[in-house]
Structure formats: structure tokens, C-alpha cells
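Undergrad: Contents of target-v9.cif (mmCIF, C-alpha atoms):
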data_data
loop_
_atom_site.label_atom_id
_atom_site.label_comp_id
_atom_site.auth_asym_id
_atom_site.auth_seq_id
_atom_site.Cartn_x
_atom_site.Cartn_y
_atom_site.Cartn_z
CA MET A 1 0.00 0.00 0.00
CA LYS A 2 1.04 3.59 -0.50
CA PHE A 3 0.85 6.27 2.19
CA GLY A 4 -0.44 9.64 1.08
CA THR A 5 -0.08 12.95 2.89
CA ARG A 6 -2.11 11.80 5.85
CA TRP A 7 -1.01 8.49 7.24
CA PRO A 8 -3.36 6.19 9.13
CA PRO A 9 -3.21 7.04 12.86
CA VAL A 10 -1.44 3.92 14.12
CA PRO A 11 1.70 4.09 11.91
CA ALA A 12 1.83 7.88 12.36
CA GLY A 13 1.66 7.46 16.13
CA ILE A 14 4.30 4.73 16.04
CA LEU A 15 6.72 7.08 14.26
CA ILE A 16 6.12 9.74 16.96
CA GLY A 17 6.70 6.99 19.52
CA ILE A 18 9.95 6.03 17.79
CA SER A 19 11.21 9.62 18.01
CA MET A 20 10.44 9.52 21.74
CA LEU A 21 12.15 6.15 22.11
CA LEU A 22 15.23 7.56 20.37
CA THR A 23 15.51 10.33 22.97
CA PHE A 24 15.23 7.71 25.74
CA ILE A 25 17.99 5.61 24.14
CA VAL A 26 20.30 8.45 23.12
CA ALA A 27 19.74 11.11 25.78
CA GLY A 28 18.07 9.30 28.68
CA ARG A 29 15.17 11.75 28.63
CA GLY A 30 12.04 12.41 26.62
CA ILE A 31 10.90 14.65 23.82
CA GLY A 32 9.24 17.99 24.56
CA ALA A 33 8.14 21.19 22.91
CA SER A 34 7.05 23.65 25.59
CA GLY A 35 10.42 23.75 27.35
CA ALA A 36 12.00 25.41 24.32
CA MET A 37 9.22 28.02 24.32
CA THR A 38 9.90 28.89 27.96
CA ARG A 39 13.60 29.24 27.24
CA PHE A 40 12.79 31.42 24.24
CA VAL A 41 10.73 33.91 26.27
CA ALA A 42 13.39 33.89 28.97
CA TRP A 43 16.00 34.72 26.32
CA VAL A 44 13.90 37.55 24.83
CA GLN A 45 13.14 39.03 28.23
CA HIS A 46 16.80 38.75 29.17
CA GLY A 47 17.66 40.86 26.15
CA LEU A 48 15.37 43.61 27.47
CA PHE A 49 15.78 43.24 31.22
CA PRO A 50 18.91 41.19 31.90
CA GLU A 51 19.16 41.70 35.66
CA ALA A 52 15.51 41.17 36.47
CA THR A 53 15.45 37.99 34.38
CA GLU A 54 18.60 36.58 35.98
CA GLN A 55 17.05 37.18 39.40
CA SER A 56 13.68 35.76 38.42
CA ALA A 57 12.59 32.88 40.64
CA TYR A 58 11.49 30.89 37.62
CA PHE A 59 13.74 31.96 34.74
CA GLY A 60 16.88 32.65 36.76
CA HIS A 61 18.35 29.15 36.66
CA TYR A 62 18.48 29.25 32.84
CA PHE A 63 21.24 31.83 33.22
CA ALA A 64 23.11 30.27 36.13
CA ASP A 65 26.91 30.36 35.73
CA GLY A 66 26.66 32.32 32.51
CA ALA A 67 24.62 29.67 30.69
CA HIS A 68 22.78 30.55 27.51
CA PRO A 69 19.10 29.59 27.76
CA LEU A 70 18.93 28.45 24.14
CA ASN A 71 21.86 26.08 24.51
CA ASP A 72 19.54 23.28 25.55
CA TYR A 73 18.45 19.84 24.38
CA LEU A 74 14.81 20.81 23.85
CA VAL A 75 15.76 23.85 21.78
CA PHE A 76 17.80 21.68 19.40
CA LEU A 77 14.91 19.22 19.27
CA VAL A 78 12.46 21.96 18.30
CA VAL A 79 14.80 23.16 15.54
CA GLY A 80 14.74 19.63 14.13
CA LEU A 81 10.96 19.54 14.55
CA LEU A 82 10.58 22.71 12.46
CA ILE A 83 12.79 21.30 9.70
CA GLY A 84 11.07 17.90 9.76
CA SER A 85 7.60 19.33 9.47
CA PHE A 86 8.71 21.77 6.77
CA VAL A 87 10.33 19.04 4.68
CA ALA A 88 7.34 16.71 5.07
CA ALA A 89 4.92 19.44 3.98
CA TRP A 90 7.20 20.48 1.13
CA LEU A 91 7.54 16.93 -0.19
CA SER A 92 3.75 16.60 -0.01
CA GLY A 93 3.19 19.92 -1.76
CA GLU A 94 1.30 21.25 1.27
CA LEU A 95 3.26 24.38 2.11
CA ARG A 96 0.52 27.00 2.17
CA VAL A 97 0.08 30.25 4.04
CA GLU A 98 -3.45 29.98 5.44
CA VAL A 99 -5.69 30.31 8.50
CA LEU A 100 -7.33 26.98 9.22
CA ARG A 101 -10.83 27.18 10.69
CA GLY A 102 -14.30 25.69 10.51
CA PRO A 103 -16.79 26.72 7.80
CA ARG A 104 -18.71 29.10 10.10
CA SER A 105 -15.68 30.85 11.57
CA SER A 106 -14.25 34.17 10.44
CA ILE A 107 -10.52 34.71 10.31
CA VAL A 108 -10.63 37.31 13.12
CA TYR A 109 -12.68 35.00 15.36
CA ARG A 110 -10.26 32.14 14.72
CA LEU A 111 -7.16 34.22 15.42
CA ALA A 112 -8.66 35.78 18.57
CA LEU A 113 -9.46 32.32 19.93
CA GLY A 114 -6.10 31.02 18.76
CA LEU A 115 -4.37 33.67 20.85
CA THR A 116 -6.61 33.02 23.86
CA GLY A 117 -6.05 29.28 23.68
CA GLY A 118 -2.33 29.83 23.32
CA VAL A 119 -2.15 31.95 26.49
CA LEU A 120 -4.12 29.34 28.43
CA ALA A 121 -2.05 26.43 27.12
CA GLY A 122 1.20 28.29 27.72
CA PHE A 123 0.33 28.97 31.33
CA ALA A 124 -1.01 25.45 31.82
CA ALA A 125 2.08 23.77 30.36
CA ARG A 126 4.28 25.56 32.88
CA LEU A 127 1.98 24.67 35.76
CA ALA A 128 1.93 21.01 34.70
CA ARG A 129 5.69 20.93 33.97
CA GLY A 130 5.19 19.97 30.35
CA CYS A 131 2.78 19.73 27.46
CA THR A 132 1.24 17.01 25.33
CA SER A 133 4.63 15.70 24.22
CA GLY A 134 6.92 16.31 27.19
CA GLN A 135 4.40 15.46 29.89
CA ALA A 136 1.55 13.37 28.41
CA LEU A 137 3.38 11.20 25.86
CA VAL A 138 6.70 10.81 27.68
CA GLY A 139 5.17 10.39 31.12
CA GLY A 140 2.51 8.15 29.60
CA ALA A 141 5.22 5.81 28.32
CA GLU A 142 7.04 6.02 31.66
CA LEU A 143 3.79 5.06 33.42
CA SER A 144 3.97 8.27 35.47
CA LEU A 145 0.85 8.78 37.57
CA GLY A 146 0.89 12.57 37.21
CA SER A 147 1.24 12.35 33.43
CA TRP A 148 -1.74 10.05 33.08
CA VAL A 149 -3.81 12.33 35.30
CA PHE A 150 -2.64 15.30 33.19
CA MET A 151 -3.69 13.53 29.99
CA MET A 152 -7.14 12.59 31.29
CA CYS A 153 -7.62 16.17 32.47
CA ILE A 154 -6.68 17.51 29.01
CA PHE A 155 -9.55 15.57 27.48
CA ALA A 156 -11.88 16.56 30.32
CA GLY A 157 -11.01 20.24 29.89
CA GLY A 158 -11.34 20.02 26.13
CA TRP A 159 -14.75 18.42 26.29
CA MET A 160 -15.89 20.97 28.87
CA ALA A 161 -15.16 23.88 26.55
CA ALA A 162 -15.94 22.21 23.20
CA TRP A 163 -19.59 23.29 23.15
CA PHE A 164 -18.77 26.96 23.65
CA VAL A 165 -16.34 27.24 20.76
CA ARG A 166 -18.10 24.91 18.34
CA LYS A 167 -18.69 27.73 15.86
CA GLN A 168 -14.95 27.90 15.37
CA TRP A 169 -14.59 24.28 14.29
CA ILE A 170 -17.79 22.63 13.02
CA MET B 1 26.03 -5.59 33.91
CA ASP B 2 27.06 -3.16 31.26
CA MET B 3 24.22 -1.50 29.49
CA ILE B 4 24.63 0.42 26.26
CA ALA B 5 21.95 3.05 26.64
CA PRO B 6 21.24 5.87 27.33
CA LEU B 7 24.19 6.53 25.04
CA VAL B 8 25.12 9.88 26.55
CA LYS B 9 24.98 8.52 30.11
CA THR B 10 27.12 5.46 29.38
CA GLY B 11 29.73 7.56 27.61
CA VAL B 12 29.15 6.07 24.16
CA ILE B 13 28.58 9.59 22.83
CA SER B 14 29.64 12.99 24.12
CA PRO B 15 27.19 15.55 25.55
CA GLU B 16 27.90 17.78 22.52
CA LEU B 17 27.02 15.02 20.07
CA ASN B 18 23.93 14.24 22.14
CA LEU B 19 22.82 17.84 21.73
CA TRP B 20 23.32 17.75 17.96
CA LEU B 21 21.55 14.40 17.66
CA ALA B 22 18.46 16.12 19.05
CA VAL B 23 18.09 17.81 15.65
CA PRO B 24 17.59 14.62 13.58
CA ILE B 25 15.39 13.17 16.32
CA GLY B 26 13.31 16.35 16.25
CA PHE B 27 13.20 15.99 12.48
CA VAL B 28 11.57 12.56 12.83
CA PHE B 29 9.15 14.01 15.39
CA GLY B 30 8.16 16.90 13.12
CA PHE B 31 7.96 14.68 10.05
CA ALA B 32 5.62 12.34 11.92
CA LEU B 33 3.48 15.18 13.29
CA PHE B 34 2.85 16.41 9.76
CA HIS B 35 1.90 12.99 8.44
CA ALA B 36 -0.33 12.40 11.46
CA GLY B 37 -2.35 15.37 10.22
CA PHE B 38 -1.39 17.39 13.31
CA THR B 39 -0.50 20.49 11.32
CA ASP B 40 -4.24 21.07 10.92
CA SER B 41 -5.85 22.79 13.92
CA ARG B 42 -9.30 21.64 12.80
CA ARG B 43 -8.30 18.01 13.01
CA ILE B 44 -6.92 18.46 16.52
CA ALA B 45 -10.02 20.32 17.71
CA TRP B 46 -12.37 17.82 16.03
CA ALA B 47 -11.13 15.17 18.45
CA PHE B 48 -13.16 16.95 21.14
CA TYR B 49 -16.32 16.67 19.02
CA PHE B 50 -15.64 13.03 18.05
CA LYS B 51 -15.60 14.27 14.46
CA ASP B 52 -12.08 12.91 13.96
CA VAL B 53 -10.70 10.70 16.72
CA GLY B 54 -7.33 10.38 14.99
CA VAL B 55 -5.64 12.53 17.65
CA PRO B 56 -6.20 10.21 20.62
CA VAL B 57 -5.46 7.16 18.45
CA VAL B 58 -2.13 8.68 17.37
CA MET B 59 -1.37 9.59 21.00
CA PHE B 60 -2.16 6.07 22.21
CA SER B 61 0.00 4.58 19.44
CA ALA B 62 2.92 6.85 20.33
CA ILE B 63 2.63 6.08 24.06
CA VAL B 64 2.40 2.33 23.48
CA THR B 65 5.43 2.41 21.16
CA GLY B 66 7.51 4.43 23.62
CA MET B 67 6.31 2.36 26.57
CA LEU B 68 7.06 -1.02 24.98
CA GLY B 69 10.45 0.27 23.82
CA LEU B 70 11.43 1.82 27.14
CA TRP B 71 10.43 -1.08 29.39
CA GLY B 72 11.23 -3.79 26.83
CA LEU B 73 14.79 -2.48 26.32
CA SER B 74 15.21 -2.21 30.08
CA LEU B 75 14.07 -5.82 30.47
CA VAL B 76 16.57 -7.16 27.94
CA GLY B 77 19.40 -5.20 29.56
CA PHE B 78 20.00 -2.71 26.76
CA LEU B 79 18.75 0.42 28.51
CA ASP B 80 19.68 1.41 32.05
CA ILE B 81 16.38 2.76 33.34
CA SER B 82 18.04 4.29 36.41
CA GLU B 83 19.79 6.72 34.02
CA VAL B 84 16.54 7.77 32.36
CA TYR B 85 14.87 10.90 33.71
CA LEU B 86 11.49 9.70 34.92
CA LEU B 87 8.91 12.42 35.36
CA PRO B 88 7.89 13.16 38.95
CA THR B 89 4.28 13.63 39.98
CA PHE B 90 2.81 16.81 41.46
CA LEU B 91 -0.73 15.54 41.39
CA LEU B 92 -2.97 18.57 41.89
CA PRO B 93 -0.92 21.09 39.84
CA MET B 94 -0.82 18.57 37.01
CA ALA B 95 -4.57 17.94 37.19
CA VAL B 96 -5.35 21.67 37.17
CA GLY B 97 -2.75 22.21 34.46
CA GLY B 98 -4.35 19.45 32.41
CA ILE B 99 -7.81 21.02 32.62
CA LEU B 100 -6.46 24.45 31.61
CA PHE B 101 -4.36 22.87 28.87
CA GLY B 102 -7.42 21.06 27.48
CA LEU B 103 -9.35 24.34 27.45
CA GLY B 104 -6.43 25.94 25.64
CA MET B 105 -6.29 23.13 23.10
CA VAL B 106 -9.94 23.22 22.07
CA ILE B 107 -10.04 27.02 22.10
CA GLY B 108 -6.69 27.46 20.35
CA GLY B 109 -6.68 24.35 18.19
CA TYR B 110 -3.10 23.33 18.91
CA CYS B 111 -0.66 22.18 21.50
CA PRO B 112 2.88 23.57 21.40
CA GLY B 113 4.52 20.77 19.41
CA THR B 114 1.80 20.70 16.77
CA ALA B 115 1.72 24.51 16.56
CA ILE B 116 5.46 24.72 15.94
CA ALA B 117 5.15 22.02 13.29
CA SER B 118 2.27 23.98 11.73
CA ILE B 119 4.23 27.22 11.65
CA ALA B 120 6.75 25.41 9.43
CA THR B 121 3.95 24.56 7.00
CA GLY B 122 2.63 28.13 6.83
CA LYS B 123 -0.32 28.20 9.23
CA ILE B 124 -1.00 31.74 10.46
CA ASP B 125 -3.31 30.55 13.24
CA ALA B 126 -0.39 28.50 14.58
CA VAL B 127 1.84 31.59 14.66
CA ILE B 128 -0.82 33.42 16.69
CA PHE B 129 -1.26 30.43 19.00
CA ILE B 130 2.48 30.35 19.70
CA VAL B 131 2.49 34.11 20.37
CA GLY B 132 -0.18 33.45 22.99
CA PHE B 133 1.72 30.43 24.27
CA LEU B 134 4.86 32.50 24.78
CA LEU B 135 2.80 35.17 26.58
CA GLY B 136 1.24 32.54 28.84
CA SER B 137 4.67 31.10 29.66
CA LEU B 138 6.00 34.59 30.35
CA VAL B 139 3.15 35.43 32.72
CA PHE B 140 3.67 32.15 34.54
CA GLY B 141 7.39 32.77 34.95
CA ASP B 142 7.28 36.45 35.85
CA LEU B 143 4.51 36.05 38.41
CA PHE B 144 5.92 32.76 39.67
CA PRO B 145 5.92 33.81 43.35
CA VAL B 146 2.11 34.09 43.13
CA TRP B 147 1.60 30.38 42.27
CA GLY B 148 4.98 28.93 43.18
CA ASP B 149 3.62 27.25 46.30
CA PHE B 150 0.83 25.58 44.35
CA TYR B 151 3.24 24.59 41.58
CA ASN B 152 5.42 22.72 44.05
CA SER B 153 2.54 21.26 46.06
CA ASP B 154 1.22 17.70 46.17
CA TYR B 155 4.63 16.23 45.35
CA MET B 156 4.60 12.44 45.26
CA GLY B 157 8.01 11.67 43.78
CA VAL B 158 8.42 9.39 40.79
CA VAL B 159 5.32 7.30 41.16
CA ARG B 160 4.09 4.87 38.54
CA LEU B 161 0.61 3.63 37.75
CA ASP B 162 1.49 0.07 38.68
CA GLN B 163 2.62 1.23 42.13
CA THR B 164 -0.56 3.24 42.62
CA LEU B 165 -2.73 0.32 41.54
CA GLY B 166 -0.65 -2.24 43.43
CA ILE B 167 -0.05 -4.40 40.36
CA GLU B 168 3.04 -5.60 38.50
CA LEU B 169 4.64 -3.20 36.03
CA GLY B 170 4.26 -5.66 33.15
CA THR B 171 0.59 -6.06 33.95
CA ALA B 172 0.13 -2.30 33.83
CA VAL B 173 1.88 -2.15 30.44
CA PHE B 174 -0.37 -4.84 29.02
CA GLY B 175 -3.45 -3.26 30.60
CA ILE B 176 -2.65 0.11 29.02
CA ILE B 177 -2.38 -1.50 25.58
CA VAL B 178 -5.72 -3.26 26.03
CA ILE B 179 -7.38 -0.03 27.20
CA ALA B 180 -5.76 1.93 24.34
CA VAL B 181 -7.06 -0.54 21.76
CA ALA B 182 -10.54 -0.72 23.31
CA GLY B 183 -10.65 3.06 23.73
CA SER B 184 -9.58 3.67 20.14
CA LEU B 185 -12.18 1.26 18.77
CA GLY B 186 -14.83 2.76 21.04
CA MET B 187 -14.07 6.32 19.96
CA ARG B 188 -14.01 5.24 16.31
CA TRP B 189 -17.47 3.77 16.84
CA VAL B 190 -18.78 7.01 18.39
CA GLN B 191 -17.30 8.97 15.48
CA GLN B 192 -19.10 6.77 12.96
CA LYS B 193 -22.30 7.12 14.95
CA PHE B 194 -22.34 10.93 15.07
CA TRP B 195 -20.33 11.85 11.98
CA PRO B 196 -20.96 9.02 9.51
CA THR B 197 -18.78 9.25 6.41
CA THR B 198 -19.81 8.12 2.99
CA ASP B 199 -16.50 8.40 1.19
CA THR B 200 -14.82 5.10 0.57
CA ASP B 201 -11.06 4.80 0.66
CA PRO B 202 -9.87 2.28 -1.95
CA GLN B 203 -7.05 1.35 0.43
CA ARG B 204 -9.41 0.74 3.34
CA GLY B 205 -8.77 -2.99 3.37
CA ALA B 206 -5.00 -2.61 3.25
CA ILE B 207 -5.03 0.04 6.01
CA LEU B 208 -7.20 -2.16 8.22
CA LYS B 209 -4.81 -5.06 7.70
CA LEU B 210 -1.73 -2.93 8.44
CA GLN B 211 -3.15 -1.29 11.57
CA GLY B 212 -4.62 -4.57 12.76
CA GLY B 213 -1.24 -6.23 12.37
CA LEU B 214 0.56 -3.47 14.28
CA ILE B 215 -2.01 -3.54 17.08
CA ALA B 216 -1.79 -7.34 17.28
CA ALA B 217 2.01 -7.11 17.52
CA ALA B 218 1.75 -4.59 20.38
CA LEU B 219 -0.73 -6.82 22.22
CA VAL B 220 1.54 -9.87 21.84
CA ILE B 221 4.65 -8.02 23.09
CA GLY B 222 2.68 -6.47 25.94
CA PHE B 223 1.25 -9.85 26.88
CA ALA B 224 4.77 -11.29 26.98
CA LEU B 225 5.98 -8.44 29.25
CA ALA B 226 3.13 -9.17 31.67
CA PHE B 227 4.87 -12.43 32.64
CA PHE B 228 7.90 -10.65 34.12
CA PRO B 229 8.02 -9.30 37.69
CA THR B 230 8.48 -5.56 38.27
CA GLU B 231 12.07 -6.01 39.50
CA SER B 232 13.16 -7.26 36.09
CA PHE B 233 12.25 -3.86 34.64
CA ILE B 234 13.34 -1.46 37.39
CA ASP B 235 14.83 -1.40 40.87
CA ASP B 236 12.42 0.72 42.81
CA ASN B 237 14.54 3.49 44.24
CA PRO B 238 13.14 4.90 47.48
CA GLU B 239 14.69 8.30 46.77
CA PRO B 240 14.16 9.14 43.13
CA PRO B 241 15.89 12.19 41.72
CA TYR B 242 13.68 15.18 41.15
CA TYR B 243 13.90 18.84 40.57
CA ILE B 244 11.93 21.56 42.31
CA ILE B 245 12.36 25.22 41.54
CA PRO B 246 12.63 27.18 44.79
CA LYS B 247 9.88 29.69 45.28
CA THR B 248 12.20 32.60 45.90
CA ALA B 249 15.26 33.48 43.92
CA SER B 250 18.47 31.97 45.16
CA SER B 251 21.64 34.05 45.38
CA GLN B 252 22.97 33.52 41.88
#
Written as C-alpha cells, that's how I'd like the structure from this file.
TA:
Amino acid sequence: MKFGTRWPPVPAGILIGISMLLTFIVAGRGIGASGAMTRFVAWVQHGLFPEATEQSAYFGHYFADGAHPLNDYLVFLVVGLLIGSFVAAWLSGELRVEVLRGPRSSIVYRLALGLTGGVLAGFAARLARGCTSGQALVGGAELSLGSWVFMMCIFAGGWMAAWFVRKQWI
Amino acid sequence: MDMIAPLVKTGVISPELNLWLAVPIGFVFGFALFHAGFTDSRRIAWAFYFKDVGVPVVMFSAIVTGMLGLWGLSLVGFLDISEVYLLPTFLLPMAVGGILFGLGMVIGGYCPGTAIASIATGKIDAVIFIVGFLLGSLVFGDLFPVWGDFYNSDYMGVVRLDQTLGIELGTAVFGIIVIAVAGSLGMRWVQQKFWPTTDTDPQRGAILKLQGGLIAAALVIGFALAFFPTESFIDDNPEPPYYIIPKTASSQ
């Protein structure tokens, strides 16, 4: 059989699982995406307010002993992620500048909710010490109790809000 | 016994090479996210309406693959699990974080990994989502003293499902696979019930056979693991390593 642009879910998930397994085998840790985002904002803020950022209770340790916040495993991983997704879309002829949304949603409505959801998810990922990849998938594979609770709560939260934003999607 | 992995911990590769190897591994991750259809916010959000349950099925498949690999390689003596960073549990912050994260996902249509992958394919809504995500992370970090106590509360150490349930690790692994398969089939059934599709994929038979074969293989491996006692996978360490950020700034 021949795979098209969109693979069936099981082989696609297995390839994501293999990337996670590779980080276990090579680095002794898991994949992750939100950690690089945190380091990025710390780096930007450090450019504007170096002292305050170095003394920050949360961001400070990224700069301990003169360290550069972007010199980190997760940042390198995210660079590879960007390239991998770009190449896959390019090979599939699916590189397109667009705003994806449901048929009843305007672009402004979609972008406003996109921003809102981003703020919520950004805050939540810090509170939970990780996101879907770094906490749910990795901790899921490690059988971590907190990760499984996190994952169940993601679906619970999503279902709670789904009705209210249905116009955006369906 | 001498174990080979994790490669950077056993000295097979240098920390510098480990860092650079993160790029090709990330490449595989991003490549897979695209082909999973995760660079489409609609598809991710549709999971919450049972319109497209591909997202949880992909997640289950990824977890099962990583789980079988991690514990299977530990069992055969290839991977030293004591050198793998196992995620600690802070139960309540993670539950609250999960709820907020789920709200963010259905409202925003992405999670961070999928949004970054989508930016690379040209999705403007993903760019906006990441702008919000960075803002949310910034607010969390800058106002950390406000919720630092909560963030560090309810700490339970590195605690696994099998310990919580009082069962063997191998049994938990096999149970998760069974639940993942049953859950995936159940959600697929609900999707067909509420969002019946009429289009027929000419490869439907081949896809069914492929996915069925992969699922059967996972069930067989998981079933085999269930025969081994917990100690053959991991020595339960009473004092697992963990990392807590102090609430107030230290004198750096």
C-alpha cells in the first residue's frame, strides 16, 4: 500500500513513539516542545531586562553560571521539529500560508481564539511541567501517575469547553 | 552488567554530540506530526467533538510504542532505566494544568509541538497560537511567586501507575495497551455514529490489515511483558531524583 499525505493514525503514532524512544535511548530523557518556548521567552526578556530575568525565581536558573538559555536539548529538538515538518509538507506539496478554521468561523474569530487558547495552554504547560509531548506522551510511556492524570484532564477540559467554541470548528 | 543506553549517560557519545543528535530526532518528530495530520488545527479540535478521533489514536500509538520500547529495552538489559529521567508527579498542579491545557487546546486548536510544526507549514493561526503560548509562559514565569507554592505542592516523587494500583509493572503495560485498543475502537465507533462518512477509501482494506497487524504485535509483546516481575524492569529506588524550583530566587 502507499501512504499519502495523511497516514493512518497507528503508523503515524508509532513514528512519533519512535522519536520519543530515540531520545530515551540516546539522551536518557524524553521529547518535549514547551520547554524550548519557555527558554525562548526567557531569552527575549533577558535581552530587554537582563538583571531582572537573571534574578527571576522561575527563569533565573536558565542563566546560572553564565549559561545561555537556548543552549539546551529541547531547543535543538524543536529546531529539528521545524525542519522535519517543513520538509514533510514540502515533499507533499502542502506548504501553504493559510488560516485553518471551521466553515462558520471568520478569520478574526479564529485568530482571537487562537491567541486566547495559546495563552491558556502556555500557562497550563508551565503549571503542569510539560505539554502534550513532554508530559503526556513521555510520562505516559514512563507510566507516570501525574502524566496520566494530566492527559485525562486535558480531554476533560477540552470536552468541557468544546460546546462553547463549536462555531470555530464545526 | 554493562548497558549500552542511554548513550550519553554510558559515555558512548559525548554531551555535545547528544545535543546535535536532538536535531535529527526532532526531524523525525516533526515529520511524523505532519503525516499524522497534526499540522491542521481543525483536526486536533475535532477530536473533542468526536468528528475525527485520529488525535487520541495517534497519542495512544505513540505512548504504546515508547512504553514497549522503554520497558522492553530495560528488560533485555540494553537500557539502564536508572539513568533515564522519569517524570515526577505533582498531582494537583498537574490535574489543574491538564484542565487548563485542554481548554487551551480546544479554544486554540493546537498544543505547542503541533503549533510549531504547523508554523513550518505556513499556518498563520499557529503563529498566533504560539504568540499566545509564549505570553502565557512569560506570565507564569514572571509572576511565579504568586503560584509557586501551588506549583510545588502535592509532590509524590516518581510514582508509577502500577505502584498506585498495586499491580506488577508488566501487567500495567499490558493493561494500558488493552485499554488503548478498546478506547480507540470505542471512539471510532462514536465517530461513525455521530459523523458518519460516505467516502470510501480504496485502500481501506489494506489500512485495516496494516493497523490490525501493528495492534496485534503490540498486544503480543505487551502480553509477553506481563509475565515478568516488576524487579526485572526497574529497581524501585526509594529516593528518586527530582527537581523543584525554589519559590524565591536563590543568590545567583
Undergrad: When you look at Ile170 (chain A) with a cut-off of 10 Å (counting all atoms listed in the file), what residues show up, excluding the ones that are within fewer than 6 positions of it in the same chain? I need them as a list in words.
TA: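 So the residues in contact are Arg101, Gly102, Pro103, Arg104 and Ser105 of chain A; Arg42, Ala45, Trp46, Tyr49 and Lys51 of chain B.
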Undergrad: What do you get, as JSON, numbers by chain, if you spell out every residue that the PyMOL selection byres ((chain B and resi 234) around 8) selects here?
TA: {"B": [74, 81, 82, 230, 231, 232, 233, 235, 236]}
Undergrad: Give me the residues within 6 Å of region 128-132 of chain B as a JSON list (two decimals) with C-alpha atoms, keeping the file's coordinate frame, counting only C-alpha atoms and dropping any in the same chain fewer than 2 places off.
TA:
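New file out02.json:
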[["chain", "number", "residue", "atom", "x", "y", "z"],
["A", 114, "GLY", "CA", -6.10, 31.02, 18.76],
["A", 115, "LEU", "CA", -4.37, 33.67, 20.85],
["A", 118, "GLY", "CA", -2.33, 29.83, 23.32],
["A", 119, "VAL", "CA", -2.15, 31.95, 26.49],
["B", 125, "ASP", "CA", -3.31, 30.55, 13.24],
["B", 126, "ALA", "CA", -0.39, 28.50, 14.58],
["B", 134, "LEU", "CA", 4.86, 32.50, 24.78],
["B", 135, "LEU", "CA", 2.80, 35.17, 26.58]]
Undergrad: Which residue is closest to chain A? Choose from B:Ala47, B:Ile13, B:Ile107, B:Ala180 and count all atoms listed in the file.
TA: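 Once distances to chain A are computed over all atoms listed in the file, the minimum belongs to B:Ile107.
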Undergrad: Give me, please, the distance in Å between CA of Tyr109 (chain A) and CA of Trp169 (chain A), quoted to one decimal.
TA: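 Answer for the CA of Tyr109 (chain A) to CA of Trp169 (chain A) separation: 10.9 Å.
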Undergrad: Please provide as a count of residues only all residues within 12 Å of Phe76 (chain A), with the sequence filter that same-chain residues fewer than 5 positions apart are discarded (counting only C-alpha atoms).
TA: 26
Undergrad: Please measure the separation of CA of Pro88 (chain B) and CA of Ala141 (chain A), giving the value in Å to one decimal.
TA: 13.2 Å
Undergrad: So which residues are close to (1.3, 6.5, 2.5), meaning at most 12 Å away in the file's coordinates with all atoms listed in the file counted, and can you show them as a PyMOL selection string?
TA: (chain A and resi 1-9+11-12+92) or (chain B and resi 32+35-36+203+206-207+210)
Undergrad: Suppose we keep C-alpha atoms; can you now write the selection as a CSV table (one decimal), keeping the file's coordinate frame?
TA:
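Written file, result30.csv:
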chain,number,residue,atom,x,y,z
A,1,MET,CA,0.0,0.0,0.0
A,2,LYS,CA,1.0,3.6,-0.5
A,3,PHE,CA,0.8,6.3,2.2
A,4,GLY,CA,-0.4,9.6,1.1
A,5,THR,CA,-0.1,13.0,2.9
A,6,ARG,CA,-2.1,11.8,5.8
A,7,TRP,CA,-1.0,8.5,7.2
A,8,PRO,CA,-3.4,6.2,9.1
A,9,PRO,CA,-3.2,7.0,12.9
A,11,PRO,CA,1.7,4.1,11.9
A,12,ALA,CA,1.8,7.9,12.4
A,92,SER,CA,3.8,16.6,0.0
B,32,ALA,CA,5.6,12.3,11.9
B,35,HIS,CA,1.9,13.0,8.4
B,36,ALA,CA,-0.3,12.4,11.5
B,203,GLN,CA,-7.0,1.4,0.4
B,206,ALA,CA,-5.0,-2.6,3.2
B,207,ILE,CA,-5.0,0.0,6.0
B,210,LEU,CA,-1.7,-2.9,8.4
Undergrad: I'd like to see the residues matched by the PyMOL selection byres ((chain A and resi 146-159) around 7) on this file, and ideally I'd get them as a PyMOL selection string.
TA: (chain A and resi 135-136+139-140+144-145+160-162) or (chain B and resi 48+89-91+94-95+98-103+105-106)
Undergrad: Any chance you could resolve the PyMOL selection byres ((chain B and resi 115) around 10) against this file and give the residues as a PyMOL selection string?
TA: (chain A and resi 33+82+118) or (chain B and resi 38-41+108-114+116-121+123-130+133)
Undergrad: Any idea what the distance is between CA of Gly69 (chain B) and CA of Leu21 (chain A)?
TA: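 Calculated distance between CA of Gly69 (chain B) and CA of Leu21 (chain A) is 6.4 Å.
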